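K.L.:
Okay, so here is run_21.txt, and as you'll see once you scroll down, it has compact mmCIF, C-alpha atoms and all ligand atoms.
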# COMPACT_ATOMS: atom_id res chain seq x y z
CA MET V 1 -39.83 -31.83 78.88
CA THR V 2 -43.00 -30.58 77.27
CA ASP V 3 -44.78 -32.10 74.30
CA LEU V 4 -45.97 -28.74 73.09
CA ALA V 5 -44.43 -27.23 69.96
CA VAL V 6 -44.59 -23.79 71.52
CA GLU V 7 -45.07 -23.00 75.18
CA VAL V 8 -45.13 -19.37 76.20
CA ARG V 9 -45.62 -18.22 79.78
CA GLY V 10 -46.02 -14.65 81.03
CA LEU V 11 -44.11 -13.21 78.11
CA ARG V 12 -43.43 -9.48 78.20
CA ARG V 13 -41.47 -7.37 75.81
CA VAL V 14 -40.85 -3.69 76.33
CA TYR V 15 -39.17 -1.62 73.63
CA GLN V 16 -37.09 0.88 75.57
CA ALA V 17 -37.31 4.60 74.99
CA ARG V 18 -34.59 5.97 72.78
CA ARG V 19 -33.88 9.05 70.74
CA GLY V 20 -36.77 9.57 68.33
CA ALA V 21 -39.03 7.33 70.47
CA PRO V 22 -39.11 9.03 73.88
CA GLU V 23 -41.53 6.60 75.53
CA ALA V 24 -41.01 2.93 76.29
CA ARG V 25 -43.59 0.74 74.56
CA THR V 26 -44.95 -2.51 75.93
CA ALA V 27 -45.46 -4.72 72.87
CA LEU V 28 -46.26 -7.89 74.84
CA ASP V 29 -47.76 -7.69 78.28
CA GLY V 30 -47.83 -11.16 79.79
CA ILE V 31 -48.78 -13.56 77.00
CA ASP V 32 -49.41 -17.29 77.50
CA LEU V 33 -49.61 -19.51 74.44
CA ASP V 34 -49.66 -23.25 73.79
CA VAL V 35 -49.22 -24.59 70.29
CA VAL V 36 -50.01 -28.26 69.83
CA PRO V 37 -47.63 -30.09 67.46
CA GLY V 38 -48.79 -31.11 63.99
CA GLN V 39 -51.23 -28.23 63.57
CA ILE V 40 -51.48 -24.82 62.01
CA HIS V 41 -52.08 -22.37 64.82
CA GLY V 42 -53.29 -18.93 63.76
CA LEU V 43 -52.07 -15.75 65.41
CA LEU V 44 -54.52 -12.92 64.85
CA GLY V 45 -54.76 -9.33 65.98
CA PRO V 46 -54.95 -5.79 64.68
CA ASN V 47 -51.92 -3.76 63.57
CA GLY V 48 -49.56 -3.24 66.47
CA ALA V 49 -51.09 -6.05 68.55
CA GLY V 50 -47.67 -7.63 69.16
CA LYS V 51 -47.79 -10.56 66.72
CA THR V 52 -44.48 -9.89 65.00
CA THR V 53 -42.80 -9.21 68.33
CA LEU V 54 -44.01 -12.58 69.60
CA VAL V 55 -42.86 -14.40 66.47
CA LYS V 56 -39.47 -12.66 66.64
CA ILE V 57 -38.98 -13.81 70.22
CA LEU V 58 -40.00 -17.37 69.33
CA SER V 59 -37.58 -17.40 66.41
CA THR V 60 -34.79 -16.08 68.70
CA VAL V 61 -34.35 -12.81 66.83
CA LEU V 62 -35.47 -10.75 69.81
CA LEU V 63 -35.04 -11.25 73.56
CA PRO V 64 -38.00 -11.19 75.92
CA THR V 65 -38.04 -8.65 78.75
CA GLU V 66 -39.75 -11.11 81.10
CA GLY V 67 -41.36 -14.54 81.03
CA THR V 68 -40.38 -17.71 79.21
CA ALA V 69 -40.86 -19.23 75.79
CA ARG V 70 -39.99 -22.73 74.68
CA VAL V 71 -40.02 -23.97 71.12
CA LEU V 72 -39.95 -27.73 70.56
CA GLY V 73 -39.02 -28.02 74.22
CA TYR V 74 -36.04 -25.64 74.03
CA ASP V 75 -35.92 -22.32 75.84
CA VAL V 76 -35.52 -19.51 73.31
CA VAL V 77 -32.97 -17.68 75.48
CA GLU V 78 -31.01 -20.50 77.11
CA HIS V 79 -31.03 -22.90 74.16
CA ARG V 80 -31.10 -20.44 71.35
CA GLN V 81 -28.99 -22.51 68.99
CA ASP V 82 -31.12 -25.63 69.52
CA VAL V 83 -34.18 -23.60 68.62
CA ARG V 84 -32.55 -22.02 65.59
CA THR V 85 -31.54 -25.26 63.96
CA ARG V 86 -35.05 -26.69 64.33
CA ILE V 87 -37.22 -23.85 63.09
CA GLY V 88 -37.93 -22.14 59.80
CA THR V 89 -39.26 -18.63 59.32
CA VAL V 90 -41.21 -17.32 56.36
CA PHE V 91 -41.92 -13.62 56.42
CA GLY V 92 -44.21 -11.98 53.93
CA SER V 93 -41.84 -9.14 53.16
CA GLU V 94 -39.10 -9.37 50.56
CA ARG V 95 -36.31 -9.52 53.13
CA GLY V 96 -34.02 -12.46 53.26
CA LEU V 97 -33.54 -13.11 49.56
CA TYR V 98 -31.00 -11.74 47.12
CA ALA V 99 -33.02 -10.20 44.33
CA ARG V 100 -30.23 -10.35 41.74
CA VAL V 101 -29.36 -13.94 42.41
CA SER V 102 -31.15 -16.98 41.02
CA VAL V 103 -33.68 -18.99 42.98
CA ARG V 104 -31.30 -21.93 43.09
CA ARG V 105 -28.31 -19.94 44.30
CA ASN V 106 -30.40 -18.23 46.95
CA LEU V 107 -31.47 -21.58 48.32
CA LEU V 108 -27.95 -23.02 48.13
CA PHE V 109 -26.74 -20.01 50.08
CA TRP V 110 -29.35 -20.56 52.80
CA ALA V 111 -28.52 -24.25 52.90
CA SER V 112 -24.88 -23.42 53.61
CA LEU V 113 -25.90 -20.88 56.26
CA TYR V 114 -27.91 -23.64 57.87
CA GLY V 115 -24.73 -25.67 58.04
CA LEU V 116 -25.82 -28.31 55.52
CA SER V 117 -22.97 -29.98 53.68
CA GLY V 118 -22.61 -29.23 49.96
CA ARG V 119 -24.18 -32.49 48.87
CA VAL V 120 -27.08 -32.40 51.32
CA GLY V 121 -27.62 -28.72 50.59
CA ARG V 122 -27.78 -29.34 46.85
CA HIS V 123 -30.14 -32.25 47.30
CA ARG V 124 -32.44 -30.30 49.62
CA THR V 125 -32.39 -27.30 47.28
CA GLU V 126 -33.45 -29.36 44.26
CA GLN V 127 -36.12 -31.13 46.28
CA LEU V 128 -37.59 -27.86 47.49
CA ILE V 129 -37.48 -26.19 44.08
CA GLU V 130 -39.52 -29.10 42.80
CA ARG V 131 -41.78 -29.02 45.81
CA VAL V 132 -42.77 -25.39 45.49
CA GLY V 133 -43.29 -25.76 41.74
CA LEU V 134 -40.41 -23.57 40.57
CA ALA V 135 -38.36 -26.10 38.60
CA GLU V 136 -38.70 -24.13 35.39
CA ARG V 137 -37.74 -20.85 37.01
CA ALA V 138 -34.91 -22.07 39.22
CA ASP V 139 -32.24 -20.22 37.24
CA ASP V 140 -34.19 -16.96 37.07
CA ARG V 141 -33.18 -14.13 39.33
CA VAL V 142 -35.58 -13.58 42.20
CA GLU V 143 -36.29 -10.05 40.90
CA GLU V 144 -37.67 -11.60 37.70
CA LEU V 145 -40.32 -13.60 39.52
CA SER V 146 -43.91 -12.67 40.31
CA LYS V 147 -44.91 -12.01 43.93
CA GLY V 148 -46.52 -15.42 44.26
CA MET V 149 -43.36 -17.11 43.02
CA VAL V 150 -41.24 -15.05 45.42
CA GLN V 151 -43.48 -16.23 48.27
CA ARG V 152 -42.78 -19.77 47.20
CA VAL V 153 -39.06 -19.11 47.30
CA HIS V 154 -39.52 -17.71 50.81
CA LEU V 155 -41.33 -20.87 51.79
CA ALA V 156 -38.60 -23.03 50.27
CA ARG V 157 -36.01 -20.96 52.16
CA GLY V 158 -37.95 -21.44 55.40
CA LEU V 159 -37.97 -25.19 54.84
CA ILE V 160 -34.32 -25.60 53.90
CA GLY V 161 -33.35 -26.98 57.31
CA ASP V 162 -36.27 -29.44 57.24
CA PRO V 163 -37.75 -27.71 60.30
CA ARG V 164 -40.36 -29.28 62.57
CA MET V 165 -41.67 -25.83 63.49
CA VAL V 166 -42.31 -23.10 60.93
CA PHE V 167 -43.25 -19.49 61.64
CA LEU V 168 -45.22 -17.89 58.84
CA ASP V 169 -45.78 -14.15 59.02
CA GLU V 170 -48.51 -13.10 56.58
CA PRO V 171 -47.27 -15.46 53.87
CA THR V 172 -50.15 -14.89 51.45
CA THR V 173 -50.32 -11.10 51.63
CA GLY V 174 -50.34 -9.70 48.12
CA LEU V 175 -50.97 -13.03 46.41
CA ASP V 176 -53.76 -13.40 43.87
CA PRO V 177 -56.54 -15.77 44.96
CA VAL V 178 -55.25 -18.69 42.89
CA ALA V 179 -51.68 -18.28 44.10
CA ALA V 180 -52.97 -18.03 47.68
CA LEU V 181 -54.95 -21.24 47.21
CA ASP V 182 -51.88 -23.00 45.80
CA PHE V 183 -49.86 -21.79 48.73
CA ARG V 184 -52.46 -23.09 51.17
CA ALA V 185 -52.57 -26.46 49.43
CA LEU V 186 -48.82 -26.67 49.78
CA LEU V 187 -49.11 -25.88 53.48
CA GLY V 188 -51.60 -28.72 53.78
CA GLU V 189 -49.03 -31.13 52.33
CA LEU V 190 -46.31 -29.88 54.64
CA LEU V 191 -48.63 -30.26 57.57
CA ALA V 192 -49.30 -33.86 56.65
CA GLU V 193 -45.55 -34.45 57.08
CA GLY V 194 -45.96 -33.71 60.77
CA ARG V 195 -44.72 -30.12 60.88
CA THR V 196 -46.20 -27.42 63.08
CA PHE V 197 -46.98 -23.94 61.85
CA LEU V 198 -47.63 -20.69 63.64
CA LEU V 199 -49.37 -18.52 61.07
CA THR V 200 -49.78 -14.78 61.46
CA THR V 201 -52.47 -13.46 59.20
CA HIS V 202 -55.00 -10.69 58.78
CA ASP V 203 -57.09 -12.89 56.53
CA LEU V 204 -59.77 -14.40 58.75
CA ASP V 205 -61.12 -16.66 56.04
CA GLU V 206 -57.63 -18.02 55.57
CA ALA V 207 -57.29 -18.58 59.30
CA ALA V 208 -60.68 -20.30 59.46
CA ALA V 209 -59.78 -22.52 56.50
CA LEU V 210 -56.26 -23.48 57.56
CA CYS V 211 -55.96 -23.35 61.30
CA ALA V 212 -56.94 -25.92 63.87
CA GLU V 213 -56.59 -23.35 66.63
CA VAL V 214 -56.42 -19.58 66.71
CA THR V 215 -55.12 -17.09 69.21
CA VAL V 216 -56.23 -13.47 69.15
CA ILE V 217 -54.03 -10.86 70.78
CA ASP V 218 -54.39 -7.11 71.07
CA ARG V 219 -52.24 -4.47 72.79
CA GLY V 220 -49.88 -7.18 73.85
CA THR V 221 -52.46 -9.20 75.75
CA LEU V 222 -54.23 -12.42 74.94
CA LEU V 223 -57.91 -12.09 74.10
CA MET V 224 -58.70 -15.67 73.17
CA THR V 225 -57.26 -19.04 72.24
CA SER V 226 -59.75 -21.43 70.73
CA ASN V 227 -60.24 -24.40 68.54
CA VAL V 228 -61.49 -22.97 65.23
CA ARG V 229 -64.53 -25.24 65.17
CA ASP V 230 -65.61 -24.06 68.61
CA VAL V 231 -64.71 -20.44 68.13
CA GLY V 232 -68.32 -19.29 67.83
CA ARG V 233 -69.15 -20.93 71.11
CA ARG V 234 -66.45 -19.08 72.97
CA LEU V 235 -68.40 -15.88 73.12
CA ALA V 236 -71.66 -15.15 74.78
CA ALA V 237 -72.85 -14.18 71.30
CA PRO V 238 -76.00 -16.15 70.54
CA ASP V 239 -76.50 -18.35 67.51
CA ARG V 240 -78.32 -17.29 64.41
CA VAL V 241 -81.32 -19.02 62.93
CA ASP V 242 -81.65 -19.17 59.15
CA PHE V 243 -85.06 -19.96 57.69
CA ASP V 244 -87.27 -19.62 54.61
CA ALA V 245 -90.34 -17.41 54.86
CA GLU V 246 -92.82 -16.41 52.20
CA ASP V 247 -94.94 -14.37 54.49
CA ASN V 248 -93.96 -10.97 55.97
CA MET V 249 -96.24 -11.60 58.92
CA VAL V 250 -93.78 -14.08 60.33
CA LEU V 251 -90.98 -11.55 60.06
CA GLU V 252 -93.05 -8.90 61.82
CA LYS V 253 -93.99 -11.32 64.56
CA LEU V 254 -90.38 -12.22 65.09
CA ARG V 255 -89.26 -8.63 65.13
CA GLY V 256 -91.95 -7.74 67.66
CA SER V 257 -91.23 -10.71 69.90
CA GLY V 258 -88.29 -9.21 71.78
CA LEU V 259 -86.43 -12.46 71.13
CA VAL V 260 -84.20 -11.22 68.32
CA ASN V 261 -81.70 -8.44 67.77
CA GLY V 262 -82.66 -8.31 64.12
CA VAL V 263 -83.89 -10.18 61.09
CA SER V 264 -82.14 -9.74 57.77
CA GLU V 265 -82.60 -11.20 54.31
CA LEU V 266 -79.80 -13.43 53.10
CA ASP V 267 -78.39 -13.68 49.57
CA LYS V 268 -81.10 -16.10 48.55
CA PRO V 269 -84.52 -14.41 48.19
CA GLY V 270 -87.03 -15.57 50.79
CA ARG V 271 -84.27 -16.80 53.14
CA TYR V 272 -83.74 -14.86 56.33
CA ARG V 273 -81.41 -14.80 59.30
CA ALA V 274 -82.60 -13.97 62.79
CA GLU V 275 -80.10 -13.21 65.53
CA ALA V 276 -81.37 -14.36 68.87
CA THR V 277 -80.87 -11.94 71.78
CA SER V 278 -79.45 -14.70 73.96
CA LYS V 279 -78.76 -18.41 74.02
CA GLU V 280 -81.99 -18.83 75.98
CA SER V 281 -84.13 -16.93 73.49
CA LEU V 282 -82.79 -19.10 70.66
CA THR V 283 -85.09 -21.96 71.69
CA SER V 284 -88.07 -19.61 71.79
CA VAL V 285 -87.22 -18.25 68.33
CA ILE V 286 -87.16 -21.78 66.95
CA ARG V 287 -90.45 -22.56 68.66
CA LEU V 288 -92.08 -19.40 67.29
CA LEU V 289 -90.96 -20.26 63.77
CA ALA V 290 -92.10 -23.86 64.12
CA ASP V 291 -95.51 -22.65 65.33
CA GLU V 292 -95.74 -20.62 62.14
CA GLY V 293 -95.18 -23.78 60.14
CA ILE V 294 -91.59 -22.98 59.18
CA THR V 295 -89.48 -26.09 59.12
CA SER V 296 -86.57 -25.08 56.90
CA LEU V 297 -84.46 -23.99 59.87
CA SER V 298 -80.78 -24.13 60.48
CA THR V 299 -78.78 -22.61 63.29
CA SER V 300 -75.16 -21.61 63.13
CA PRO V 301 -72.71 -20.18 65.64
CA PRO V 302 -70.92 -16.90 64.87
CA THR V 303 -68.05 -17.20 62.39
CA LEU V 304 -64.41 -16.56 63.23
CA GLU V 305 -64.73 -13.16 61.58
CA GLU V 306 -67.71 -12.20 63.72
CA VAL V 307 -65.99 -13.39 66.88
CA TYR V 308 -62.83 -11.50 65.95
CA LEU V 309 -64.75 -8.31 65.28
CA GLN V 310 -66.55 -8.61 68.56
CA LEU V 311 -63.27 -9.15 70.42
CA VAL V 312 -61.27 -6.47 68.72
CA GLY V 313 -64.18 -4.11 68.04
CA ASP V 314 -63.34 -0.81 66.45
CA ARG V 315 -59.68 -1.34 67.35
CA GLY V 316 -59.48 -3.02 63.96
CA MET V 317 -58.62 0.28 62.34
CA ALA V 318 -57.19 2.21 65.27
CA VAL V 319 -53.49 1.79 65.99
N1 LIG S 1 -38.24 -1.97 67.13
C1 LIG S 1 -39.27 -1.41 67.78
N2 LIG S 1 -39.08 -0.34 68.58
C2 LIG S 1 -40.10 0.23 69.26
N3 LIG S 1 -41.37 -0.20 69.21
C3 LIG S 1 -41.63 -1.26 68.43
C4 LIG S 1 -40.61 -1.93 67.67
N4 LIG S 1 -41.18 -2.95 66.99
C5 LIG S 1 -42.50 -2.93 67.30
N5 LIG S 1 -42.77 -1.94 68.16
C6 LIG S 1 -44.09 -1.59 68.76
O1 LIG S 1 -44.59 -2.75 69.43
C7 LIG S 1 -45.98 -2.88 69.22
C8 LIG S 1 -46.27 -4.24 68.61
O2 LIG S 1 -45.73 -4.28 67.29
P1 LIG S 1 -45.73 -5.58 66.39
O3 LIG S 1 -44.92 -5.27 65.17
O4 LIG S 1 -45.32 -6.73 67.21
O5 LIG S 1 -47.29 -5.68 66.01
P2 LIG S 1 -48.03 -6.61 64.95
O6 LIG S 1 -49.14 -7.24 65.68
O7 LIG S 1 -47.06 -7.50 64.27
O8 LIG S 1 -48.61 -5.55 63.92
P3 LIG S 1 -48.90 -5.66 62.32
O9 LIG S 1 -50.17 -6.44 62.18
O10 LIG S 1 -49.12 -4.22 61.98
O11 LIG S 1 -47.71 -6.26 61.67
C9 LIG S 1 -46.40 -1.70 68.34
O12 LIG S 1 -46.91 -0.68 69.17
C10 LIG S 1 -45.11 -1.28 67.68
O13 LIG S 1 -45.12 0.08 67.40
If you convert what's in this file into structure tokens, what do you get?
Ligand SMILES: Nc1ncnc2c1ncn2[C@@H]1O[C@H](COP(=O)(O)OP(=O)(O)OP(=O)(O)O)[C@@H](O)[C@H]1O
P.N.:
Amino acid sequence: MTDLAVEVRGLRRVYQARRGAPEARTALDGIDLDVVPGQIHGLLGPNGAGKTTLVKILSTVLLPTEGTARVLGYDVVEHRQDVRTRIGTVFGSERGLYARVSVRRNLLFWASLYGLSGRVGRHRTEQLIERVGLAERADDRVEELSKGMVQRVHLARGLIGDPRMVFLDEPTTGLDPVAALDFRALLGELLAEGRTFLLTTHDLDEAAALCAEVTVIDRGTLLMTSNVRDVGRRLAAPDRVDFDAEDNMVLEKLRGSGLVNGVSELDKPGRYRAEATSKESLTSVIRLLADEGITSLSTSPPTLEEVYLQLVGDRGMAV
């Protein structure tokens, strides 16, 4: 028995050719993934990378073509029901809720689908309504709510079975910044209760802020799994050096040194960023600056966004 919340090995999924789609399409081409319990694990990748396909297999909605996937120790094919009763799914789209029915009745309905008894279902429903901050709107129809409120109902629905593992597919898409922050704060609380989340998102700042680990996939293959803090160190990309300079001479010297790819001015006037050509040249850049009497130095590894862009490259826009 594994201690991992999600353990995926050699997972492939081919969508077979059919009328209207004459060619078979390989959405996942041998993915391995480990998700440590009690964390938010980010799943990143451009459109069509295979993220939704992976999440659908993990939530037992779709069968794999090859390979294995276990969720909370249970095989998604052989122990489908064990997986289903222990997971929650929150998809960013509007599916899964009855627009003309109240928040409360929607949740009661999902509680009964989950097999909760009337009393437990009612209790859980009231708890979750409170939890997601919708007590005053509980009798409103879902169609009368704002997008952010609907997302909260989705989250409440995903939590109705008190799942240990929650799959979130772009949960903050379309939310205003304040609503997105609220949503993230709520995730933080849920995390503290010992749940595990697999979060699909296109928002790299969100991933960097929320996730302990991130996995990047593209064209059905894994490009990287990394701890978010170490993500910048995963690439050969060299660090940057930020420094204050009053004198253009220093900038010219640096630019002519062959040690940097470029020097650019940052938001603050007089503060610059030099990108070293390699890890080795970084030391020489620092020495050169120090020799010029510049002491206000700080180095930083590439951000998640920079790493992502380097991995995915111009595939970001191409499908
Ligand atoms: N039902 C389907 N039938 C055929 N091909 C499909 C089906 N669902 C997805 N695909 C294909 O599988 C590939 C992966 O799609 P998937 O939806 O998993 O990507 P994604 O990473 O979730 O993309 P996005 O970020 O756009 O949501 C794509 O090429 C897509 O066209």
K.L.:
Pick out the residues no farther than 8 Å from ligand LIG 1 (chain S), counting all atoms listed in the file, and list them as an MDAnalysis selection string.
P.N.:
chainID V and resid 14:17 21 24:28 44:54 201:202 217:220 319
K.L.:
Let's have the selection written as a compact mmCIF listing (two decimals), in the frame of the given file, with C-alpha atoms.
P.N.:
# COMPACT_ATOMS: atom_id res chain seq x y z
CA VAL V 14 -40.85 -3.69 76.33
CA TYR V 15 -39.17 -1.62 73.63
CA GLN V 16 -37.09 0.88 75.57
CA ALA V 17 -37.31 4.60 74.99
CA ALA V 21 -39.03 7.33 70.47
CA ALA V 24 -41.01 2.93 76.29
CA ARG V 25 -43.59 0.74 74.56
CA THR V 26 -44.95 -2.51 75.93
CA ALA V 27 -45.46 -4.72 72.87
CA LEU V 28 -46.26 -7.89 74.84
CA LEU V 44 -54.52 -12.92 64.85
CA GLY V 45 -54.76 -9.33 65.98
CA PRO V 46 -54.95 -5.79 64.68
CA ASN V 47 -51.92 -3.76 63.57
CA GLY V 48 -49.56 -3.24 66.47
CA ALA V 49 -51.09 -6.05 68.55
CA GLY V 50 -47.67 -7.63 69.16
CA LYS V 51 -47.79 -10.56 66.72
CA THR V 52 -44.48 -9.89 65.00
CA THR V 53 -42.80 -9.21 68.33
CA LEU V 54 -44.01 -12.58 69.60
CA THR V 201 -52.47 -13.46 59.20
CA HIS V 202 -55.00 -10.69 58.78
CA ILE V 217 -54.03 -10.86 70.78
CA ASP V 218 -54.39 -7.11 71.07
CA ARG V 219 -52.24 -4.47 72.79
CA GLY V 220 -49.88 -7.18 73.85
CA VAL V 319 -53.49 1.79 65.99
K.L.:
Within 7 Å of Ala276 in chain V, counting only C-alpha atoms, which residues qualify if same-chain residues fewer than 2 places away don't, as a PyMOL selection string?
P.N.:
chain V and resi 238-240+259-261+274+278+281-282
K.L.:
Applying 8 Å and all atoms listed in the file, which residues near Glu7 in chain V remain after dropping the ones on its own chain fewer than 5 positions away? List them as JSON, numbers by chain.
P.N.:
{"V": [32, 33, 34, 35, 69, 70, 71, 73]}
K.L.:
Measure the distance from CA of Ile160 in chain V to CA of Ala180 in chain V in Å and round it to one decimal.
P.N.:
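Answer for the CA of Ile160 in chain V to CA of Ala180 in chain V separation: 21.1 Å.
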K.L.:
In Å, rounded to a single decimal, give me how far CA of Leu222 in chain V is from CA of Gly20 in chain V.
P.N.:
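CA of Leu222 in chain V lies at a distance of 28.8 Å from CA of Gly20 in chain V.
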K.L.:
One decimal, Å: what's the distance from CA of Arg137 in chain V over to CA of Gln151 in chain V, could you say?
P.N.:
13.5 Å
K.L.:
Emit range 13-36 of chain V of the structure in the block as a file comprising C-alpha atoms, as an mmCIF file, in the first residue's frame.
P.N.:
data_model
loop_
_atom_site.group_PDB
_atom_site.id
_atom_site.type_symbol
_atom_site.label_atom_id
_atom_site.label_comp_id
_atom_site.auth_asym_id
_atom_site.auth_seq_id
_atom_site.Cartn_x
_atom_site.Cartn_y
_atom_site.Cartn_z
ATOM 1 C CA ARG V 13 -4.909 7.561 -23.006
ATOM 2 C CA VAL V 14 -5.777 7.404 -26.666
ATOM 3 C CA TYR V 15 -9.050 8.854 -27.935
ATOM 4 C CA GLN V 16 -10.043 6.520 -30.743
ATOM 5 C CA ALA V 17 -10.881 7.734 -34.206
ATOM 6 C CA ARG V 18 -14.565 8.050 -34.877
ATOM 7 C CA ARG V 19 -16.874 9.745 -37.330
ATOM 8 C CA GLY V 20 -16.043 13.450 -37.362
ATOM 9 C CA ALA V 21 -12.605 12.756 -35.817
ATOM 10 C CA PRO V 22 -10.892 10.440 -38.307
ATOM 11 C CA GLU V 23 -7.569 10.197 -36.463
ATOM 12 C CA ALA V 24 -6.876 8.661 -33.075
ATOM 13 C CA ARG V 25 -5.420 11.191 -30.642
ATOM 14 C CA THR V 26 -2.954 10.383 -27.893
ATOM 15 C CA ALA V 27 -3.903 12.701 -25.027
ATOM 16 C CA LEU V 28 -1.556 11.111 -22.475
ATOM 17 C CA ASP V 29 1.584 9.362 -23.577
ATOM 18 C CA GLY V 30 3.142 7.632 -20.593
ATOM 19 C CA ILE V 31 2.727 9.970 -17.624
ATOM 20 C CA ASP V 32 4.195 9.327 -14.161
ATOM 21 C CA LEU V 33 3.006 11.451 -11.267
ATOM 22 C CA ASP V 34 3.349 11.351 -7.485
ATOM 23 C CA VAL V 35 1.224 13.588 -5.306
ATOM 24 C CA VAL V 36 2.258 13.799 -1.677
#
